[in-house]
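Text of target.txt (compact mmCIF, C-alpha atoms) as supplied:
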# COMPACT_ATOMS: atom_id res chain seq x y z
CA MET A 24 107.37 82.51 86.99
CA THR A 25 107.60 83.30 90.71
CA GLY A 26 111.36 82.87 91.09
CA LEU A 27 110.79 81.04 94.39
CA GLY A 28 108.67 83.84 95.77
CA GLY A 29 111.01 86.49 94.41
CA LEU A 30 114.22 85.12 95.92
CA ASN A 31 115.62 84.78 92.40
CA LYS A 32 114.65 88.10 90.93
CA SER A 33 114.94 88.45 87.17
CA LYS A 34 115.98 91.51 85.21
CA HIS A 35 112.41 92.44 84.34
CA GLY A 36 110.71 91.28 87.52
CA VAL A 37 108.93 93.20 90.27
CA CYS A 38 109.19 91.54 93.66
CA MET A 39 106.16 92.17 95.87
CA GLY A 40 105.19 91.32 99.42
CA LEU A 41 101.58 91.06 100.63
CA VAL A 42 101.29 91.52 104.40
CA GLN A 43 98.54 89.41 105.99
CA LEU A 44 98.48 91.90 108.85
CA GLN A 45 96.93 90.91 112.17
CA LEU A 46 93.50 92.53 112.44
CA PRO A 47 93.98 95.36 114.98
CA VAL A 48 91.71 97.00 117.53
CA VAL A 49 91.95 100.80 117.22
CA ASP A 50 89.50 102.77 119.34
CA THR A 51 91.67 105.64 120.63
CA ALA A 52 94.25 108.10 119.35
CA ALA A 53 96.92 106.27 121.35
CA GLN A 54 96.03 102.99 119.65
CA LEU A 55 96.12 104.73 116.28
CA ALA A 56 99.66 105.94 117.00
CA ALA A 57 100.71 102.48 118.15
CA GLN A 58 99.28 100.84 115.05
CA THR A 59 101.05 103.39 112.85
CA GLN A 60 104.33 102.33 114.42
CA ARG A 61 103.44 98.67 114.03
CA ILE A 62 102.90 99.11 110.29
CA CYS A 63 106.23 100.92 109.99
CA ASP A 64 107.87 98.05 111.85
CA MET A 65 106.33 95.64 109.35
CA VAL A 66 107.78 97.68 106.48
CA ALA A 67 111.19 97.08 108.05
CA LYS A 68 110.37 93.39 108.47
CA ALA A 69 109.53 93.18 104.76
CA ARG A 70 112.90 94.64 103.89
CA ARG A 71 114.70 92.23 106.23
CA ASN A 72 112.56 89.38 104.93
CA GLN A 73 113.73 89.88 101.37
CA GLY A 74 116.51 92.21 100.34
CA ASN A 75 115.33 92.63 96.76
CA MET A 76 111.66 93.34 97.52
CA ASP A 77 110.37 96.29 95.49
CA LEU A 78 106.93 96.90 96.97
CA VAL A 79 105.21 95.90 100.22
CA VAL A 80 101.40 95.99 100.38
CA PHE A 81 99.26 96.39 103.50
CA PRO A 82 95.56 95.47 103.63
CA GLU A 83 92.60 97.78 103.82
CA TYR A 84 91.90 98.78 107.44
CA ALA A 85 95.49 97.99 108.43
CA LEU A 86 95.62 101.23 110.40
CA HIS A 87 92.08 101.44 111.76
CA GLY A 88 90.70 97.92 112.20
CA LEU A 89 87.11 96.98 111.45
CA SER A 90 85.23 99.08 114.01
CA MET A 91 83.81 101.36 111.26
CA SER A 92 84.30 104.27 113.65
CA ILE A 93 84.17 107.72 112.05
CA SER A 94 85.40 109.42 115.21
CA PRO A 95 87.35 112.54 114.18
CA GLU A 96 90.27 111.63 116.46
CA LEU A 97 90.85 108.47 114.41
CA MET A 98 90.67 110.05 110.97
CA VAL A 99 93.84 110.73 108.98
CA SER A 100 94.95 113.47 106.58
CA LEU A 101 97.57 113.36 103.86
CA ASP A 102 99.70 115.87 105.75
CA GLY A 103 99.24 114.19 109.13
CA PRO A 104 101.69 112.21 111.27
CA GLU A 105 100.54 108.78 110.12
CA VAL A 106 101.25 109.37 106.43
CA ALA A 107 104.50 111.11 107.35
CA ALA A 108 105.54 108.00 109.28
CA PHE A 109 104.74 105.76 106.30
CA LYS A 110 106.84 107.98 104.05
CA ARG A 111 109.78 107.77 106.46
CA ALA A 112 109.46 103.99 106.65
CA CYS A 113 109.67 103.71 102.86
CA VAL A 114 112.71 105.98 102.72
CA ASP A 115 114.48 104.35 105.65
CA ASN A 116 113.98 100.87 104.20
CA HIS A 117 114.48 101.76 100.52
CA ILE A 118 111.16 100.19 99.50
CA TRP A 119 107.83 101.15 97.96
CA GLY A 120 104.73 100.76 100.15
CA CYS A 121 100.96 100.56 99.67
CA PHE A 122 98.96 101.79 102.69
CA SER A 123 95.34 102.19 103.83
CA ILE A 124 93.90 105.19 105.67
CA MET A 125 90.47 106.45 106.66
CA GLU A 126 90.72 110.02 105.42
CA ALA A 127 89.05 113.00 107.10
CA ASN A 128 86.50 114.73 104.87
CA PRO A 129 85.30 118.17 106.02
CA GLY A 130 82.42 118.02 103.54
CA GLY A 131 80.90 114.71 104.60
CA ASN A 132 81.72 111.20 105.74
CA PRO A 133 85.37 110.12 105.70
CA TYR A 134 86.93 108.53 102.65
CA ASN A 135 88.40 105.04 102.60
CA SER A 136 91.67 105.90 100.86
CA GLY A 137 94.78 104.15 99.63
CA LEU A 138 98.28 105.43 98.98
CA ILE A 139 101.28 104.10 97.09
CA ILE A 140 104.50 105.72 98.31
CA ASP A 141 107.84 105.25 96.57
CA ASP A 142 111.26 104.70 98.12
CA THR A 143 111.96 108.45 98.16
CA GLY A 144 108.83 109.15 100.23
CA ALA A 145 106.79 110.57 97.35
CA VAL A 146 103.09 109.72 97.05
CA LYS A 147 102.81 108.18 93.58
CA LEU A 148 99.15 107.11 93.74
CA TYR A 149 96.25 108.46 95.81
CA TYR A 150 92.91 106.71 95.57
CA ARG A 151 89.53 106.82 97.30
CA LYS A 152 87.42 103.66 97.36
CA LEU A 153 84.66 104.01 94.81
CA HIS A 154 82.30 101.32 96.11
CA PRO A 155 81.97 101.21 99.92
CA TRP A 156 80.52 97.92 101.12
CA VAL A 157 76.85 98.85 101.58
CA PRO A 158 75.25 98.75 104.14
CA VAL A 159 78.20 97.89 106.40
CA GLU A 160 80.57 100.77 105.61
CA PRO A 161 79.87 104.49 106.21
CA TRP A 162 82.53 105.88 103.86
CA GLU A 163 81.93 108.61 101.31
CA PRO A 164 81.95 107.23 97.75
CA GLY A 165 85.28 108.00 96.10
CA ASN A 166 85.68 110.86 93.65
CA LEU A 167 89.19 110.38 92.22
CA GLY A 168 88.40 107.73 89.62
CA VAL A 169 90.82 104.83 89.22
CA PRO A 170 94.33 106.30 89.07
CA VAL A 171 97.36 104.52 87.62
CA CYS A 172 101.00 105.31 88.40
CA ASP A 173 104.48 104.33 87.31
CA GLY A 174 105.84 101.68 89.66
CA PRO A 175 109.17 100.00 90.37
CA ASN A 176 111.22 98.54 87.53
CA GLY A 177 109.12 100.14 84.80
CA SER A 178 105.79 98.70 85.95
CA LYS A 179 102.37 100.36 85.86
CA LEU A 180 100.33 100.07 89.07
CA ALA A 181 96.70 100.55 90.05
CA LEU A 182 94.97 100.14 93.40
CA ILE A 183 91.39 99.04 94.00
CA ILE A 184 90.05 98.50 97.49
CA CYS A 185 88.12 95.45 98.68
CA HIS A 186 84.53 95.60 97.35
CA ASP A 187 85.74 97.57 94.33
CA GLY A 188 87.19 94.29 93.09
CA MET A 189 83.74 92.70 92.84
CA PHE A 190 82.87 95.07 89.99
CA PRO A 191 84.41 93.93 86.67
CA GLU A 192 84.34 97.54 85.50
CA MET A 193 86.88 98.55 88.16
CA ALA A 194 89.68 96.23 87.06
CA ARG A 195 88.86 96.96 83.43
CA GLU A 196 89.17 100.70 84.03
CA ALA A 197 92.54 100.16 85.70
CA ALA A 198 93.80 98.04 82.82
CA TYR A 199 92.36 100.42 80.22
CA LYS A 200 94.42 103.18 81.80
CA GLY A 201 97.53 101.06 81.47
CA ALA A 202 97.85 99.17 84.77
CA GLU A 203 99.83 95.95 84.46
CA ILE A 204 99.66 95.12 88.18
CA ILE A 205 96.31 95.70 89.88
CA ILE A 206 96.67 95.73 93.66
CA ARG A 207 93.59 94.87 95.70
CA THR A 208 93.61 95.45 99.45
CA ALA A 209 90.80 94.22 101.68
CA GLY A 210 89.52 93.70 105.19
CA TYR A 211 87.20 90.89 104.14
CA THR A 212 86.05 88.27 106.61
CA ALA A 213 85.74 84.56 105.96
CA PRO A 214 82.22 84.46 104.39
CA ILE A 215 83.64 86.22 101.31
CA ARG A 216 86.41 83.63 100.76
CA HIS A 217 85.05 82.05 97.55
CA SER A 218 84.05 85.38 95.95
CA TRP A 219 87.48 86.78 96.85
CA LYS A 220 89.32 84.05 95.00
CA ILE A 221 87.25 83.89 91.83
CA SER A 222 87.06 87.67 91.42
CA ASN A 223 90.84 88.04 91.81
CA GLN A 224 91.37 85.44 89.10
CA ALA A 225 88.65 86.84 86.82
CA ASN A 226 90.00 90.39 87.12
CA ALA A 227 93.39 89.10 85.98
CA PHE A 228 92.19 86.93 83.10
CA SER A 229 89.62 89.37 81.71
CA ASN A 230 92.15 92.19 81.52
CA LEU A 231 95.48 90.44 80.87
CA ALA A 232 96.69 91.92 84.15
CA ILE A 233 98.53 90.62 87.19
CA THR A 234 96.47 90.95 90.37
CA ALA A 235 98.10 91.18 93.81
CA ASN A 236 95.52 90.81 96.55
CA VAL A 237 95.61 90.70 100.35
CA CYS A 238 93.24 90.81 103.32
CA LEU A 239 93.70 91.47 107.00
CA CYS A 240 94.20 88.29 109.01
CA GLY A 241 93.20 86.86 112.38
CA SER A 242 90.57 87.96 114.89
CA ASP A 243 89.92 91.14 116.84
CA GLY A 244 87.50 89.38 119.19
CA SER A 245 84.50 90.12 116.99
CA PHE A 246 85.53 89.58 113.37
CA ASP A 247 87.69 86.95 111.73
CA SER A 248 89.63 88.20 108.73
CA MET A 249 91.05 85.61 106.39
CA GLY A 250 94.46 86.72 105.11
CA GLU A 251 94.75 84.69 101.92
CA GLY A 252 97.10 86.92 100.04
CA MET A 253 97.23 85.79 96.42
CA PHE A 254 99.01 86.69 93.20
CA CYS A 255 97.19 85.87 89.96
CA ASN A 256 98.96 85.83 86.63
CA PHE A 257 97.51 87.50 83.56
CA ASP A 258 96.02 84.21 82.35
CA GLY A 259 94.04 83.89 85.59
CA THR A 260 96.19 81.19 87.17
CA VAL A 261 97.20 81.55 90.81
CA LEU A 262 100.95 82.05 91.14
CA VAL A 263 101.22 82.15 94.92
CA GLU A 264 98.55 81.84 97.59
CA GLY A 265 98.74 82.46 101.31
CA GLY A 266 96.73 80.90 104.11
CA GLY A 267 95.45 82.30 107.37
CA ARG A 268 98.60 83.04 109.38
CA PRO A 269 98.62 86.62 110.72
CA ASP A 270 101.60 88.83 109.85
CA GLU A 271 102.93 86.42 107.22
CA ILE A 272 104.30 88.20 104.15
CA ILE A 273 103.33 86.41 100.93
CA THR A 274 105.90 87.12 98.23
CA ALA A 275 106.23 86.67 94.49
CA GLU A 276 108.11 88.01 91.54
CA VAL A 277 105.70 89.22 88.86
CA ARG A 278 106.53 90.07 85.26
CA PRO A 279 104.91 93.18 83.77
CA ASP A 280 106.99 92.71 80.62
CA LEU A 281 105.10 89.49 79.90
CA VAL A 282 101.82 91.31 80.44
CA ARG A 283 102.87 93.83 77.79
CA GLU A 284 103.85 91.00 75.46
CA ALA A 285 100.48 89.27 75.87
CA ARG A 286 98.50 92.45 75.41
CA THR A 287 100.40 93.20 72.24
CA GLY A 288 100.51 89.76 70.69
CA TRP A 289 97.63 87.66 71.93
CA GLY A 290 94.65 87.21 69.62
CA VAL A 291 92.55 84.52 71.29
CA GLU A 292 91.24 85.81 74.66
CA ASN A 293 92.75 89.28 74.26
CA ASN A 294 89.46 90.39 75.73
CA ILE A 295 90.38 93.91 76.73
CA TYR A 296 91.19 94.60 73.05
CA GLN A 297 88.26 92.63 71.64
CA LEU A 298 85.76 94.53 73.81
CA TYR A 299 85.91 97.38 71.28
CA HIS A 300 86.97 95.38 68.22
CA ARG A 301 84.34 92.67 68.01
CA GLY A 302 84.70 90.10 65.26
CA TYR A 303 87.74 91.49 63.49
CA VAL A 304 88.10 88.25 61.55
CA ALA A 305 84.87 89.13 59.75
CA VAL A 306 85.00 92.92 59.86
CA LYS A 307 88.05 95.08 59.21
CA GLY A 308 89.24 96.35 62.56
CA GLY A 309 86.22 94.78 64.23
CA ALA A 310 82.98 96.44 65.24
CA GLN A 311 83.82 99.63 67.10
CA ASP A 312 80.54 100.50 68.78
CA CYS A 313 78.94 100.31 72.23
CA PRO A 314 76.41 97.47 72.22
CA TYR A 315 75.93 97.58 76.00
CA THR A 316 72.71 99.18 77.18
CA TYR A 317 73.89 99.65 80.76
CA MET A 318 76.89 101.70 79.64
CA ARG A 319 74.75 104.02 77.56
CA ASP A 320 72.17 104.35 80.33
CA MET A 321 74.81 105.21 82.95
CA MET A 322 76.14 107.98 80.72
CA ASP A 323 72.61 109.28 80.13
CA GLY A 324 71.69 109.12 83.82
CA THR A 325 68.90 106.63 83.06
CA TYR A 326 70.37 103.46 84.61
CA ARG A 327 67.43 101.36 85.81
CA LEU A 328 67.39 97.66 86.63
CA PRO A 329 64.51 95.69 85.09
CA TRP A 330 63.53 94.22 88.47
CA PRO A 331 62.60 95.72 91.83
CA VAL A 332 65.38 96.15 94.38
CA ASP A 333 64.64 96.00 98.10
CA VAL A 334 67.76 97.23 99.90
CA THR A 335 68.44 99.14 103.09
CA ASP A 336 70.75 102.01 103.83
CA GLY A 337 73.20 101.95 106.73
CA THR A 338 70.52 102.17 109.40
CA SER A 339 70.56 98.38 109.61
CA CYS A 340 74.19 98.63 110.74
CA GLY A 341 73.70 101.51 113.15
CA PHE A 342 74.37 104.48 110.85
CA ASP A 343 72.00 107.42 110.48
CA ALA A 344 70.02 107.61 107.25
CA PRO A 345 71.75 109.98 104.79
CA THR A 346 70.06 113.26 103.92
CA ARG A 347 72.32 114.75 101.22
CA SER A 348 72.75 113.82 97.58
CA TYR A 349 76.04 112.92 95.94
CA LYS A 350 78.04 115.67 94.26
CA ALA A 351 80.83 114.52 91.98

As structure tokens, the full file:
Amino acid sequence: MTGLGGLNKSKHGVCMGLVQLQLPVVDTAAQLAAQTQRICDMVAKARRNQGNMDLVVFPEYALHGLSMSISPELMVSLDGPEVAAFKRACVDNHIWGCFSIMEANPGGNPYNSGLIIDDTGAVKLYYRKLHPWVPVEPWEPGNLGVPVCDGPNGSKLALIICHDGMFPEMAREAAYKGAEIIIRTAGYTAPIRHSWKISNQANAFSNLAITANVCLCGSDGSFDSMGEGMFCNFDGTVLVEGGGRPDEIITAEVRPDLVREARTGWGVENNIYQLYHRGYVAVKGGAQDCPYTYMRDMMDGTYRLPWPVDVTDGTSCGFDAPTRSYKA
């Protein structure tokens, strides 16, 4: 299935590289510029590493590190020099790239955003993290939904960021909108190792989707990120798994055509179909209803857990208590 990590690329394959990027320290505008160049250099390394690579993926926080700073001088805009540099790197190296930015937001806290840029320099997917990691992250909750785009060699791509992947609804939404490859970028540190692995596999199996997942790697003197890039096939098995070596590029060839075949032809464990067609052996077409109380309650604005929840806002991590309500 992996074609020796993509070295033997098949007609229908998409060759991907997951960069276990060294966790950076970025506290100043000069460091931001230097890290931008470093990422562009790694795009070139990916191309040199494998001549037939279609898409190179960088982790969440690849540009900013884990300081959680919301300093305006470190925030990025879509028309700023950092994104322009990423576009040039993709064009110069004839490769698609997936990048992470902390995006300036004039109306509130910055967004934790992700971009997929094609080999002509066009932004094909633009996404804002829906579920910041409370109470550690100060980012504004995303408001662009879960977009899907056309990818290399006829594939369909989605991007979910870090904690988003712990919510089964996120990967399901991506698959429901047609994604065959769900990319997950993260800055996770070692305590999340087990949850990282099982959620990557579950997201793949539950949705008949390939998942391509990568974290930052190494230490910044305070935090230890774990790397552990991993590709999961649509049956939940792990195709390729990286370790903890910073700047290693974990590669695999994945097969969206086989995802399409499984989604079309599988009966047993075609769960994304069966979700809305329950029991179609007994009932023509299956039951086509919504038996899930939480879904109905979310739509009605009446979502309430049947137990008390004692949680804190970001004050426990040094952020001011919020004063404004969310506006979609």

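Computed from the coordinates, the CA of Gly88 (chain A) to CA of Ala344 (chain A) distance equals 23.4 Å.
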
inquiry  = Counting all atoms listed in the file, find residues at most 9 Å from (101.1, 111.3, 95.7) (file frame) and give them as an NGL selection string.
reply    = :A and (138-140 or 145-149)

task = Check the smallest atom-to-atom distance from each of A:Cys340, A:Ala127, A:Ala213, A:Ala52 to Phe246 (chain A) using all atoms listed in the file, then report the winner.
result = A:Ala213

message = My list of candidates is A:Gly137, A:Gly120, A:Gly210, A:Pro329. Which is closest to Ser100 (chain A) when distances are computed with all atoms listed in the file?
response = A:Gly137

query = Which of these, A:Glu271, A:Glu96, A:Glu126, A:Asp142, has the shortest distance to Pro164 (chain A) once you count all atoms listed in the file?
reply =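 So, comparing all the options, the nearest one is A:Glu126.
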
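Within the 9 Å cut-off around Met125 (chain A), using only C-alpha atoms and omitting residues fewer than 5 positions from it on the same chain, the listed residues are A:Tyr84, A:Leu86, A:His87, A:Ile93, A:Leu97, A:Met98, A:Val99, A:Ser100, A:Pro133, A:Tyr134, A:Asn135, A:Ser136, A:Gly137, A:Trp162.
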
key: Nearest residue to Ala181 (chain A) from the set A:Gly324, A:Gly103, A:Gly29, A:Gly168 (distances using only C-alpha atoms)   =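 Selected residue with least distance to Ala181 (chain A): A:Gly168.
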
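Shortest separation to Gly265 (chain A) among A:Leu167, A:Leu41, A:Leu281, A:Ala232 occurs at residue A:Leu41, atoms counted being all atoms listed in the file.
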
query = Which residues, written as a list in words, have at least one atom at most 10 Å from Leu27 (chain A), with only C-alpha atoms counted and residues fewer than 2 positions away on the same chain left out?
reply =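 Here the qualifying residues turn out to be Met24, Thr25, Gly29, Leu30, Asn31, Lys32, Val263, Thr274, Ala275 and Glu276 of chain A.
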
key: Contacts of Thr212 (chain A) at 9 Å (only C-alpha atoms; same-chain gap of 6+ positions) as a list in words   = Cys238, Leu239, Cys240, Phe246, Asp247, Ser248, Met249 and Gly250 of chain A

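Counting all atoms listed in the file, the residue from A:Val37, A:Val334, A:Ile233, A:Met318 that sits nearest to Ala197 (chain A) is A:Ile233.
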
key: Who sits within 10 Å of Asp187 (chain A), only C-alpha atoms, same chain under 3 positions skipped, as JSON, numbers by chain   = {"A": [152, 153, 154, 155, 156, 182, 183, 184, 190, 191, 192, 193, 194, 207, 208, 209]}

query = Quick one, how far is CA of Val291 (chain A) from CA of Lys34 (chain A)?
reply = 28.1 Å

task = Please measure the separation of CA of Asp343 (chain A) and CA of Pro161 (chain A), giving the value in Å to one decimal.
result =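 Between CA of Asp343 (chain A) and CA of Pro161 (chain A) the gap is 9.4 Å.
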
inquiry  = Show me the residues around (101.2, 82.1, 100.2) - criterion: an atom at most 8 Å away, only C-alpha atoms counted - as a count of residues only.
reply    = 10

inquiry  = What's around Asn294 (chain A) at 12 Å? Count all atoms listed in the file, leave out sequence neighbours fewer than 6 positions away in its own chain, and write the answer as a ChimeraX atom specification.
reply    = /A:195,198-199,225-232,257-258,285-287,300-302
